[in-house]
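Trainee: CSV, C-alpha atoms and all ligand atoms, saved as model.csv, coming up:
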chain,number,residue,atom,x,y,z
U,2,MET,CA,86.4,-72.9,43.9
U,3,ALA,CA,84.7,-73.0,40.5
U,4,ALA,CA,87.0,-70.3,39.1
U,5,THR,CA,90.1,-72.4,39.7
U,6,GLY,CA,88.4,-75.4,38.1
U,7,SER,CA,87.4,-73.6,35.0
U,8,LYS,CA,90.9,-72.0,34.8
U,9,GLN,CA,92.5,-75.4,34.9
U,10,ARG,CA,90.1,-76.8,32.4
U,11,SER,CA,90.7,-73.9,30.1
U,12,LEU,CA,94.3,-74.6,29.4
U,13,ALA,CA,93.5,-78.1,28.1
U,14,GLU,CA,90.5,-76.7,26.2
U,15,ARG,CA,92.4,-73.8,24.7
U,16,LEU,CA,95.1,-76.3,23.7
U,17,LEU,CA,92.5,-78.5,22.0
U,18,GLU,CA,91.1,-75.5,20.2
U,19,GLY,CA,94.6,-74.9,18.8
U,20,ASP,CA,95.4,-71.8,20.8
U,21,LYS,CA,99.1,-71.0,20.2
U,22,ARG,CA,99.7,-69.5,23.6
U,23,ALA,CA,98.2,-72.5,25.4
U,24,LEU,CA,100.5,-74.7,23.4
U,25,ALA,CA,103.5,-72.6,24.3
U,26,ARG,CA,102.5,-72.8,28.0
U,27,ALA,CA,102.0,-76.5,27.8
U,28,ILE,CA,105.5,-77.1,26.4
U,29,THR,CA,107.0,-74.9,29.1
U,30,LEU,CA,105.2,-77.0,31.8
U,31,ILE,CA,106.6,-80.1,30.2
U,32,GLU,CA,110.1,-78.7,29.9
U,33,ASN,CA,110.1,-77.7,33.5
U,34,ASP,CA,108.8,-81.1,34.6
U,35,ASP,CA,105.8,-79.3,36.2
U,36,PRO,CA,103.1,-81.7,37.5
U,37,ALA,CA,100.6,-79.5,35.7
U,38,GLY,CA,102.2,-80.5,32.5
U,39,TRP,CA,101.7,-84.2,33.2
U,40,GLU,CA,98.1,-83.4,34.2
U,41,LEU,CA,97.6,-81.6,30.9
U,42,VAL,CA,99.0,-84.5,28.9
U,43,ARG,CA,96.7,-86.8,30.8
U,44,GLU,CA,93.7,-84.7,29.9
U,45,VAL,CA,94.5,-84.3,26.2
U,46,PHE,CA,96.0,-87.7,25.5
U,47,PRO,CA,92.7,-89.2,24.1
U,48,SER,CA,92.8,-86.5,21.4
U,49,THR,CA,96.3,-87.4,20.2
U,50,GLY,CA,97.4,-89.7,17.5
U,51,ARG,CA,96.2,-87.7,14.5
U,52,ALA,CA,99.3,-85.7,13.6
U,53,ARG,CA,102.0,-86.9,11.3
U,54,ILE,CA,105.2,-86.8,13.3
U,55,VAL,CA,108.5,-86.5,11.3
U,56,GLY,CA,111.9,-86.6,13.0
U,57,PHE,CA,114.9,-84.9,11.3
U,58,THR,CA,118.4,-85.6,12.4
U,59,GLY,CA,121.9,-85.1,11.0
U,60,PRO,CA,125.2,-83.4,11.7
U,61,PRO,CA,125.5,-79.8,12.7
U,62,GLY,CA,125.0,-77.3,9.9
U,63,VAL,CA,123.8,-79.6,7.1
U,64,GLY,CA,120.7,-77.5,6.7
U,65,LYS,CA,118.0,-79.3,8.8
U,66,SER,CA,116.4,-76.0,10.0
U,67,THR,CA,116.5,-74.5,6.5
U,68,LEU,CA,114.9,-77.7,5.1
U,69,ILE,CA,112.2,-77.8,7.8
U,70,GLY,CA,111.5,-74.1,7.0
U,71,ALA,CA,111.1,-74.9,3.3
U,72,LEU,CA,109.0,-78.0,4.0
U,73,THR,CA,106.8,-75.9,6.3
U,74,LYS,CA,106.1,-73.5,3.5
U,75,GLU,CA,105.2,-76.4,1.3
U,76,MET,CA,102.8,-77.8,3.9
U,77,ARG,CA,101.2,-74.4,4.5
U,78,GLU,CA,100.5,-74.2,0.7
U,79,ALA,CA,98.7,-77.6,1.1
U,80,ASP,CA,96.8,-75.9,3.9
U,81,ARG,CA,98.3,-78.1,6.7
U,82,GLU,CA,99.1,-76.7,10.1
U,83,VAL,CA,102.6,-77.3,11.3
U,84,ALA,CA,104.5,-77.4,14.6
U,85,VAL,CA,108.3,-77.5,14.7
U,86,LEU,CA,110.1,-78.7,17.8
U,87,SER,CA,113.9,-78.1,17.8
U,88,VAL,CA,115.6,-80.2,20.4
U,89,ASP,CA,119.1,-79.6,21.4
U,90,PRO,CA,120.5,-82.6,23.3
U,91,SER,CA,124.1,-81.4,23.2
U,92,SER,CA,123.8,-78.6,25.6
U,93,ALA,CA,121.3,-76.8,27.8
U,94,PHE,CA,123.7,-73.9,28.0
U,95,THR,CA,124.7,-72.8,24.5
U,96,LYS,CA,121.6,-71.4,22.9
U,97,GLY,CA,123.4,-70.2,19.9
U,98,ALA,CA,122.3,-72.8,17.5
U,99,LEU,CA,118.7,-72.5,18.6
U,100,LEU,CA,118.8,-68.8,18.2
U,101,GLY,CA,120.0,-69.4,14.7
U,102,ASP,CA,117.1,-71.7,14.1
U,103,ARG,CA,114.7,-69.1,15.3
U,104,ILE,CA,116.0,-66.6,12.9
U,105,ARG,CA,116.0,-68.9,9.9
U,106,LEU,CA,112.5,-70.1,10.7
U,107,SER,CA,111.3,-66.6,11.3
U,108,ASP,CA,109.5,-66.4,8.0
U,109,HIS,CA,106.8,-68.4,9.7
U,110,PHE,CA,106.5,-66.5,12.9
U,111,LEU,CA,103.5,-64.5,12.0
U,112,ASP,CA,101.7,-67.4,10.5
U,113,LYS,CA,98.9,-68.6,12.8
U,114,GLY,CA,99.1,-72.1,11.3
U,115,VAL,CA,102.8,-72.5,12.3
U,116,PHE,CA,104.1,-73.0,15.8
U,117,ILE,CA,107.9,-73.1,16.4
U,118,ARG,CA,109.6,-74.0,19.6
U,119,SER,CA,113.0,-75.1,20.8
U,120,MET,CA,113.7,-77.2,23.9
U,121,ALA,CA,117.0,-77.9,25.6
U,122,SER,CA,116.1,-78.8,29.1
U,123,ARG,CA,117.6,-82.0,30.5
U,124,GLY,CA,115.6,-81.7,33.7
U,125,ALA,CA,112.5,-83.3,32.5
U,126,LEU,CA,111.4,-86.6,34.1
U,127,GLY,CA,112.9,-89.4,32.1
U,128,GLY,CA,115.1,-87.0,30.2
U,129,LEU,CA,114.9,-85.0,27.0
U,130,SER,CA,113.7,-87.9,24.9
U,131,GLU,CA,110.6,-88.3,27.1
U,132,ALA,CA,110.0,-84.5,27.2
U,133,THR,CA,110.2,-84.6,23.4
U,134,LEU,CA,107.4,-87.1,23.1
U,135,GLN,CA,105.3,-85.2,25.6
U,136,ALA,CA,105.8,-82.0,23.6
U,137,ALA,CA,104.9,-83.8,20.4
U,138,LEU,CA,101.7,-85.1,22.0
U,139,VAL,CA,100.5,-81.6,23.0
U,140,MET,CA,101.4,-80.3,19.5
U,141,ASP,CA,99.3,-83.2,18.1
U,142,ALA,CA,96.5,-82.4,20.6
U,143,SER,CA,96.5,-78.8,19.5
U,144,GLY,CA,95.4,-79.9,16.0
U,145,LYS,CA,98.7,-79.6,14.1
U,146,ASP,CA,98.7,-81.8,11.0
U,147,ASP,CA,102.5,-82.1,10.9
U,148,VAL,CA,104.9,-82.1,13.8
U,149,PHE,CA,108.5,-81.7,12.7
U,150,ILE,CA,111.1,-82.6,15.3
U,151,GLU,CA,114.7,-81.5,14.7
U,152,THR,CA,117.7,-82.7,16.6
U,153,VAL,CA,121.4,-82.3,15.8
U,154,GLY,CA,123.9,-85.1,15.6
U,155,VAL,CA,124.3,-88.7,14.6
U,156,GLY,CA,124.3,-90.8,17.7
U,157,GLN,CA,122.1,-92.9,19.9
U,158,ALA,CA,120.7,-90.1,22.0
U,159,GLU,CA,119.6,-88.2,19.0
U,160,ILE,CA,118.0,-91.2,17.5
U,161,ASP,CA,116.0,-91.8,20.7
U,162,ILE,CA,114.6,-88.3,20.2
U,163,VAL,CA,113.6,-88.6,16.6
U,164,ASP,CA,112.5,-92.1,17.0
U,165,HIS,CA,109.2,-90.8,18.4
U,166,GLY,CA,108.5,-89.9,14.8
U,167,ASP,CA,106.4,-91.9,12.4
U,168,THR,CA,109.1,-91.1,9.8
U,169,VAL,CA,112.8,-90.5,10.5
U,170,VAL,CA,114.7,-88.3,8.0
U,171,LEU,CA,118.5,-88.3,8.1
U,172,VAL,CA,119.8,-85.1,6.6
U,173,LEU,CA,123.4,-85.1,5.3
U,174,MET,CA,125.4,-82.9,2.9
U,175,PRO,CA,128.3,-83.7,0.6
U,176,GLY,CA,131.2,-84.4,2.9
U,177,SER,CA,129.2,-85.9,5.8
U,178,GLY,CA,131.6,-88.9,5.8
U,179,ASP,CA,131.4,-89.5,9.5
U,180,SER,CA,127.7,-90.1,9.2
U,181,ILE,CA,128.3,-92.7,6.5
U,182,GLN,CA,130.7,-94.4,8.8
U,183,ALA,CA,128.1,-94.3,11.6
U,184,LEU,CA,125.5,-95.9,9.3
U,185,LYS,CA,128.0,-98.5,8.1
U,186,ALA,CA,129.1,-99.4,11.6
U,187,GLY,CA,125.5,-99.7,12.8
U,188,VAL,CA,126.0,-97.0,15.3
U,189,MET,CA,123.1,-95.4,13.7
U,190,GLU,CA,119.9,-97.1,12.7
U,191,ILE,CA,118.9,-96.9,9.0
U,192,PRO,CA,116.5,-94.0,8.7
U,193,ASP,CA,113.4,-94.0,6.5
U,194,ILE,CA,114.5,-91.3,4.2
U,195,ILE,CA,117.9,-89.8,3.5
U,196,VAL,CA,118.3,-86.2,2.3
U,197,VAL,CA,121.5,-85.0,0.7
U,198,ASN,CA,121.2,-81.2,1.1
U,199,LYS,CA,123.4,-78.6,-0.5
U,200,ALA,CA,123.2,-80.7,-3.6
U,201,ASP,CA,124.7,-77.9,-5.6
U,202,HIS,CA,128.0,-79.1,-4.2
U,203,PRO,CA,130.3,-80.9,-6.8
U,204,MET,CA,130.7,-83.9,-4.4
U,205,THR,CA,127.0,-84.7,-4.3
U,206,ASP,CA,127.1,-87.6,-6.7
U,207,THR,CA,130.0,-89.2,-4.7
U,208,MET,CA,128.0,-88.8,-1.6
U,209,VAL,CA,124.9,-90.4,-3.0
U,210,ARG,CA,126.9,-93.3,-4.3
U,211,GLU,CA,128.5,-93.9,-0.9
U,212,ILE,CA,125.0,-93.8,0.7
U,213,LYS,CA,123.7,-96.3,-1.8
U,214,GLY,CA,126.7,-98.5,-1.0
U,215,VAL,CA,125.9,-98.5,2.7
U,216,LEU,CA,122.2,-99.1,2.1
U,217,ALA,CA,123.0,-102.1,-0.2
U,218,LEU,CA,124.7,-103.8,2.8
U,219,GLY,CA,121.7,-103.4,5.0
U,220,PRO,CA,118.8,-105.9,5.4
U,221,HIS,CA,116.3,-106.0,2.6
U,222,VAL,CA,113.0,-104.7,3.9
U,223,SER,CA,109.7,-103.8,2.2
U,224,TRP,CA,110.6,-100.1,2.2
U,225,THR,CA,113.4,-98.9,0.0
U,226,VAL,CA,115.1,-95.9,1.6
U,227,PRO,CA,114.9,-93.0,-0.9
U,228,ILE,CA,117.8,-90.6,-1.2
U,229,VAL,CA,116.5,-87.1,-1.9
U,230,ARG,CA,118.7,-84.4,-3.2
U,231,THR,CA,117.8,-80.9,-2.0
U,232,GLU,CA,118.9,-77.4,-1.9
U,233,ALA,CA,117.0,-76.2,1.0
U,234,ALA,CA,118.2,-72.6,0.8
U,235,ARG,CA,116.6,-72.4,-2.6
U,236,ALA,CA,113.7,-74.7,-1.9
U,237,GLU,CA,114.9,-77.2,-4.5
U,238,GLY,CA,113.8,-80.8,-4.0
U,239,ILE,CA,111.4,-79.9,-1.3
U,240,GLU,CA,108.4,-81.1,-3.2
U,241,GLU,CA,110.0,-84.4,-3.8
U,242,LEU,CA,110.9,-84.7,-0.1
U,243,ALA,CA,107.3,-83.9,0.8
U,244,GLU,CA,106.1,-86.7,-1.5
U,245,ARG,CA,108.5,-89.2,-0.1
U,246,ILE,CA,107.4,-88.4,3.5
U,247,THR,CA,103.8,-88.9,2.3
U,248,GLU,CA,104.7,-92.2,0.6
U,249,HIS,CA,106.5,-93.5,3.6
U,250,ARG,CA,103.6,-92.7,5.9
U,251,ALA,CA,101.2,-94.5,3.4
U,252,HIS,CA,103.5,-97.4,3.3
U,253,ILE,CA,103.7,-97.9,7.1
U,254,GLU,CA,100.0,-97.4,7.4
U,255,GLU,CA,99.3,-100.1,4.8
U,256,GLU,CA,101.8,-102.4,6.3
U,257,GLY,CA,100.6,-101.9,9.9
U,258,THR,CA,104.0,-100.7,11.0
U,259,LEU,CA,102.7,-97.2,12.0
U,260,GLU,CA,100.6,-98.8,14.7
U,261,GLU,CA,103.6,-101.0,15.6
U,262,ARG,CA,105.9,-98.0,15.9
U,263,ARG,CA,103.5,-96.0,17.9
U,264,ALA,CA,102.8,-98.9,20.2
U,265,ARG,CA,106.5,-99.5,20.7
U,266,ASN,CA,107.2,-95.8,21.4
U,267,LEU,CA,104.3,-95.6,23.9
U,268,LYS,CA,105.3,-98.8,25.7
U,269,ASN,CA,108.9,-97.6,25.9
U,270,GLU,CA,107.7,-94.3,27.2
U,271,VAL,CA,105.8,-95.9,30.0
U,272,LEU,CA,108.9,-98.0,31.0
U,273,GLU,CA,111.2,-95.0,30.8
U,274,ILE,CA,109.0,-92.9,33.0
U,275,ALA,CA,108.5,-95.7,35.5
U,276,ALA,CA,112.3,-96.4,35.5
U,277,SER,CA,113.2,-92.8,36.1
U,278,ARG,CA,110.6,-92.4,38.9
U,279,MET,CA,111.9,-95.5,40.5
U,280,ARG,CA,115.5,-94.2,40.3
U,281,ARG,CA,114.5,-90.9,41.9
U,282,ARG,CA,112.8,-92.7,44.7
U,283,LEU,CA,115.8,-94.9,45.3
U,284,GLU,CA,118.1,-91.9,45.3
U,285,ALA,CA,115.9,-90.1,47.7
U,286,SER,CA,115.8,-93.2,50.0
U,287,VAL,CA,119.6,-93.1,50.2
U,288,ALA,CA,119.3,-89.7,51.9
U,289,ALA,CA,116.2,-90.3,53.9
U,290,ASP,CA,116.5,-93.9,55.0
U,291,PRO,CA,119.4,-94.8,57.5
U,292,ASP,CA,119.0,-98.5,56.6
U,293,VAL,CA,119.7,-97.8,53.0
U,294,ALA,CA,122.7,-95.7,53.9
U,295,GLU,CA,124.0,-98.5,56.1
U,296,LEU,CA,123.4,-101.0,53.3
U,297,LEU,CA,125.6,-98.9,51.0
U,298,GLU,CA,128.3,-98.6,53.7
U,299,ARG,CA,128.4,-102.4,54.0
U,300,VAL,CA,129.3,-102.5,50.3
U,301,VAL,CA,132.0,-99.8,50.7
U,302,SER,CA,133.5,-101.8,53.5
U,303,ARG,CA,133.3,-105.0,51.3
U,304,GLU,CA,131.1,-106.8,53.7
U,305,LEU,CA,128.4,-107.1,51.0
U,306,ASP,CA,128.7,-107.3,47.2
U,307,PRO,CA,126.9,-104.7,45.0
U,308,ALA,CA,124.5,-107.1,43.4
U,309,SER,CA,123.3,-108.6,46.7
U,310,ALA,CA,122.9,-105.0,48.1
U,311,ALA,CA,120.8,-104.1,45.1
U,312,SER,CA,118.6,-107.1,45.7
U,313,GLU,CA,118.2,-106.2,49.3
U,314,LEU,CA,117.4,-102.6,48.5
U,315,LEU,CA,114.7,-103.6,46.0
U,316,SER,CA,113.1,-106.2,48.2
U,317,SER,CA,113.0,-103.7,51.1
U,318,ARG,CA,111.4,-101.1,48.7
U,319,GLU,CA,108.8,-103.7,47.6
U,320,SER,CA,107.8,-104.5,51.2
U,321,ASP,CA,107.4,-100.7,51.7
U,322,GLY,CA,104.6,-100.9,49.1
B,1,LIG,N1,124.8,-73.8,-0.2
B,1,LIG,C1,123.8,-74.2,0.5
B,1,LIG,N2,123.7,-73.7,1.8
B,1,LIG,C2,122.6,-74.1,2.5
B,1,LIG,C3,121.6,-75.0,2.0
B,1,LIG,N3,120.7,-75.2,2.9
B,1,LIG,C4,121.1,-74.6,4.0
B,1,LIG,N4,122.3,-73.9,3.8
B,1,LIG,C5,123.0,-73.1,4.7
B,1,LIG,O1,123.7,-73.9,5.7
B,1,LIG,C6,123.8,-73.2,6.9
B,1,LIG,C7,123.2,-74.1,8.0
B,1,LIG,O2,121.9,-74.3,7.8
B,1,LIG,P1,120.9,-74.7,9.0
B,1,LIG,O3,119.5,-74.9,8.4
B,1,LIG,O4,121.0,-73.9,10.2
B,1,LIG,O5,121.5,-76.1,9.4
B,1,LIG,P2,121.1,-77.1,10.6
B,1,LIG,O6,121.4,-78.4,10.2
B,1,LIG,O7,119.8,-76.8,11.1
B,1,LIG,O8,122.2,-76.6,11.7
B,1,LIG,P3,122.2,-76.9,13.3
B,1,LIG,O9,120.8,-76.9,13.8
B,1,LIG,O10,123.1,-75.9,13.8
B,1,LIG,O11,122.8,-78.3,13.4
B,1,LIG,C8,123.0,-71.9,6.8
B,1,LIG,O12,123.9,-70.9,6.5
B,1,LIG,C9,122.2,-72.2,5.6
B,1,LIG,O13,121.8,-71.0,4.9
B,1,LIG,C10,121.8,-75.4,0.6
B,1,LIG,O14,120.9,-76.1,0.1
B,1,LIG,N5,122.9,-75.0,-0.1
B,2,MG,MG,119.1,-76.3,13.0
Show the structure stored in the file as structure tokens.
Mentor:
Amino acid sequence: MAATGSKQRSLAERLLEGDKRALARAITLIENDDPAGWELVREVFPSTGRARIVGFTGPPGVGKSTLIGALTKEMREADREVAVLSVDPSSAFTKGALLGDRIRLSDHFLDKGVFIRSMASRGALGGLSEATLQAALVMDASGKDDVFIETVGVGQAEIDIVDHGDTVVLVLMPGSGDSIQALKAGVMEIPDIIVVNKADHPMTDTMVREIKGVLALGPHVSWTVPIVRTEAARAEGIEELAERITEHRAHIEEEGTLEERRARNLKNEVLEIAASRMRRRLEASVAADPDVAELLERVVSRELDPASAASELLSSRESDG
């Protein structure tokens, strides 16, 4: 019926027009791994690629949300529309930190030019990292100029999430020694910009010196990672951070690495989605296909080794088409 068709169309249309509720709905669909979410992303994908996507990561409580709040204010003054996505990979159950974020970012809740959303689901196809990219895409499609992604922690999973950004900002505070160790040990990739927040703390200079020490050990690349001192709670240093983000973006555009990063992220995305779909199909086949169950039993009884069983499983899948 035409009514259904126009209703389906209208979510994508409303999203493209920048309707906040349509954007909220879109992210819920993505978070729930609803097929309608994938359909929507498919429809609006050609309209993406315009927004500036910035990922913020760092240990708990360093001030990421406060910083994003202050930066959002700065961007609004420059007449830019902002979307904030707060991703919590640590837990889908404790919503405390997210609630905190909501309160601290609440200054912007009545502003039509700002959209704030948190996401903690792990159920999405391909995992939270993929859901994050999908959510960033719909934020981009809805006409936001800046998409800020926040995730807590210093580890690989968190980096995967913020890696969807064009610019990655690591937020630290005086005393974030573990993060320095993680950078030094190569557990964490060198970010594009490092912020030392709570710079009113007496240990700030020591912290900055340590960071410089670590960065000096790293490879020499065309971009020199700036260290920005901020006091997010008092909006100090925010203008400088905004400038550095703009400079980094200009740098990667000139150098061609923006296209490279985006190409890499999109290609990874395709592989991740394909891999997780394949995995789901395989897992379903264990339950549904007696031959597969038997194959696995042969491994359990040590008749067949795991690698040979895997080869057999894959070749039988291929012949299935
Ligand atoms: N002294 C001081 N406190 C700050 C500053 N910026 C933020 N804070 C405070 O630090 C606390 C944590 O700030 P958040 O912005 O929630 O930190 P976060 O990194 O987002 O925290 P999680 O999302 O829970 O990891 C809050 O009480 C802030 O008010 C600052 O520049 N100086
Ligand atoms: Mg936060």
Trainee: Using only C-alpha atoms and all ligand atoms, determine which residues fall within 8 Å of ligand LIG 1 (chain B), then list them as number ranges by chain.
Mentor: U: 59-69, 98-99, 101-102, 105, 151-154, 172, 198-202, 231-237
Trainee: Using only C-alpha atoms, find the one residue out of U:Leu216, U:Ala121, U:Val209, U:Leu24 that sits nearest to Ala137 in chain U.
Mentor: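 With only C-alpha atoms as the atom set, the closest residue is U:Leu24.
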Trainee: In Å, rounded to a single decimal, give me how far CA of Arg81 in chain U is from CA of Lys145 in chain U.
Mentor: 7.6 Å
Trainee: CA of Glu44 in chain U and CA of Arg15 in chain U are how many Å apart?
Mentor: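 CA of Arg15 in chain U lies 12.1 Å from CA of Glu44 in chain U.
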Trainee: For a test of reading the model, state the distance in Å between CA of Asp292 in chain U and CA of Ile274 in chain U, rounded to one decimal.
Mentor: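 According to the coordinates, CA of Asp292 in chain U and CA of Ile274 in chain U are separated by 26.2 Å.
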Trainee: Counting only C-alpha atoms and all ligand atoms, which residue out of U:Arg282, U:His165, U:Arg263, U:Arg118 sits closest to ligand MG 2 (chain B)?
Mentor: U:Arg118
Trainee: For Glu18 in chain U, which residue out of U:Ile228, U:Ala142, U:Ala52, U:Leu41 is the nearest one, using all atoms listed in the file?
Mentor: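 Checking each candidate against Glu18 in chain U, we get U:Ala142 as the closest.
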Trainee: Please return as a compact mmCIF listing (two decimals) with C-alpha atoms, in the coordinates of the input every residue within 8 Å of (104.3, -78.4, 6.3), taking into account all atoms listed in the file and the file's own coordinates.
Mentor:
# COMPACT_ATOMS: atom_id res chain seq x y z
CA LEU U 72 109.00 -78.00 4.00
CA THR U 73 106.80 -75.90 6.30
CA LYS U 74 106.10 -73.50 3.50
CA GLU U 75 105.20 -76.40 1.30
CA MET U 76 102.80 -77.80 3.90
CA ARG U 77 101.20 -74.40 4.50
CA GLU U 78 100.50 -74.20 0.70
CA ALA U 79 98.70 -77.60 1.10
CA ARG U 81 98.30 -78.10 6.70
CA GLU U 82 99.10 -76.70 10.10
CA VAL U 83 102.60 -77.30 11.30
CA ASP U 147 102.50 -82.10 10.90
Trainee: Write out as a ChimeraX atom specification which residues come within 10 Å of Lys21 in chain U when counting all atoms listed in the file, dropping same-chain ones fewer than 6 positions away.
Mentor: /U:15,27,113-117,140,143
Trainee: Just write the chosen residues, C-alpha atoms, as a compact mmCIF listing (two decimals), in the coordinates of the input.
Mentor:
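Ended up saving to part-v1.txt:
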# COMPACT_ATOMS: atom_id res chain seq x y z
CA ARG U 15 92.40 -73.80 24.70
CA ALA U 27 102.00 -76.50 27.80
CA LYS U 113 98.90 -68.60 12.80
CA GLY U 114 99.10 -72.10 11.30
CA VAL U 115 102.80 -72.50 12.30
CA PHE U 116 104.10 -73.00 15.80
CA ILE U 117 107.90 -73.10 16.40
CA MET U 140 101.40 -80.30 19.50
CA SER U 143 96.50 -78.80 19.50
Trainee: Do you know which residues lie at most 12 Å from (124.8, -100.1, 12.2), with coordinates as in the file and only C-alpha atoms counted, and could you write them as a list in words?
Mentor: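 Selection result: Val155, Gly156, Gln157, Ser180, Ile181, Gln182, Ala183, Leu184, Lys185, Ala186, Gly187, Val188, Met189, Glu190, Ile191, Pro192, Val215, Leu216, Leu218, Gly219 and Pro220 of chain U.
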Trainee: Taking all atoms listed in the file into account, which of U:Gly144, U:Leu111, U:Val139, U:Arg53 comes nearest Arg26 in chain U?
Mentor: U:Val139
Trainee: Which residue gives the smallest distance to ligand MG 2 (chain B) among U:Val85, U:Ala37, U:Val293, U:Ile162, with all atoms listed in the file counted?
Mentor: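 Closest to ligand MG 2 (chain B) of all the choices is U:Val85.
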Trainee: With distances taken over all atoms listed in the file, which of U:Ile150, U:Ala71, U:Ala294, U:Val300 is nearest to Leu242 in chain U?
Mentor: U:Ala71
Trainee: As JSON, please report the centre and edge lengths, rounded to one decimal in Å, of the axis-aligned box that holds all listed atoms of range 72-81 of chain U with 8 Å of padding on each of the six sides.
Mentor:
{"center_x": 102.9, "center_y": -75.8, "center_z": 3.7, "size_x": 28.2, "size_y": 20.6, "size_z": 22.0}
Trainee: Residues within 7 Å of range 45-51 of chain U, please, as a list in words. Count all atoms listed in the file; anything in the same chain fewer than 5 positions from it doesn't count.
Mentor: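 Counting only the stated atoms, we get Ala13, Leu138, Asp141 and Ala142 of chain U.
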Trainee: Identify, on the basis of all atoms listed in the file, every residue whose closest approach to range 244-255 of chain U does not exceed 9 Å; exclude the query and any residue fewer than 4 positions from it along the same chain; express the result as a PDB file with C-alpha atoms, in the coordinates of the input.
Mentor:
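Final output, saved to out.pdb:
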ATOM      1  CA  ARG U  53     102.000 -86.900  11.300  1.00  0.00           C
ATOM      2  CA  VAL U  55     108.500 -86.500  11.300  1.00  0.00           C
ATOM      3  CA  ASP U 167     106.400 -91.900  12.400  1.00  0.00           C
ATOM      4  CA  THR U 168     109.100 -91.100   9.800  1.00  0.00           C
ATOM      5  CA  VAL U 170     114.700 -88.300   8.000  1.00  0.00           C
ATOM      6  CA  ASP U 193     113.400 -94.000   6.500  1.00  0.00           C
ATOM      7  CA  ILE U 194     114.500 -91.300   4.200  1.00  0.00           C
ATOM      8  CA  SER U 223     109.700-103.800   2.200  1.00  0.00           C
ATOM      9  CA  TRP U 224     110.600-100.100   2.200  1.00  0.00           C
ATOM     10  CA  PRO U 227     114.900 -93.000  -0.900  1.00  0.00           C
ATOM     11  CA  VAL U 229     116.500 -87.100  -1.900  1.00  0.00           C
ATOM     12  CA  ILE U 239     111.400 -79.900  -1.300  1.00  0.00           C
ATOM     13  CA  GLU U 240     108.400 -81.100  -3.200  1.00  0.00           C
ATOM     14  CA  LEU U 259     102.700 -97.200  12.000  1.00  0.00           C
ATOM     15  CA  GLU U 260     100.600 -98.800  14.700  1.00  0.00           C
TER      16      GLU U 260
END
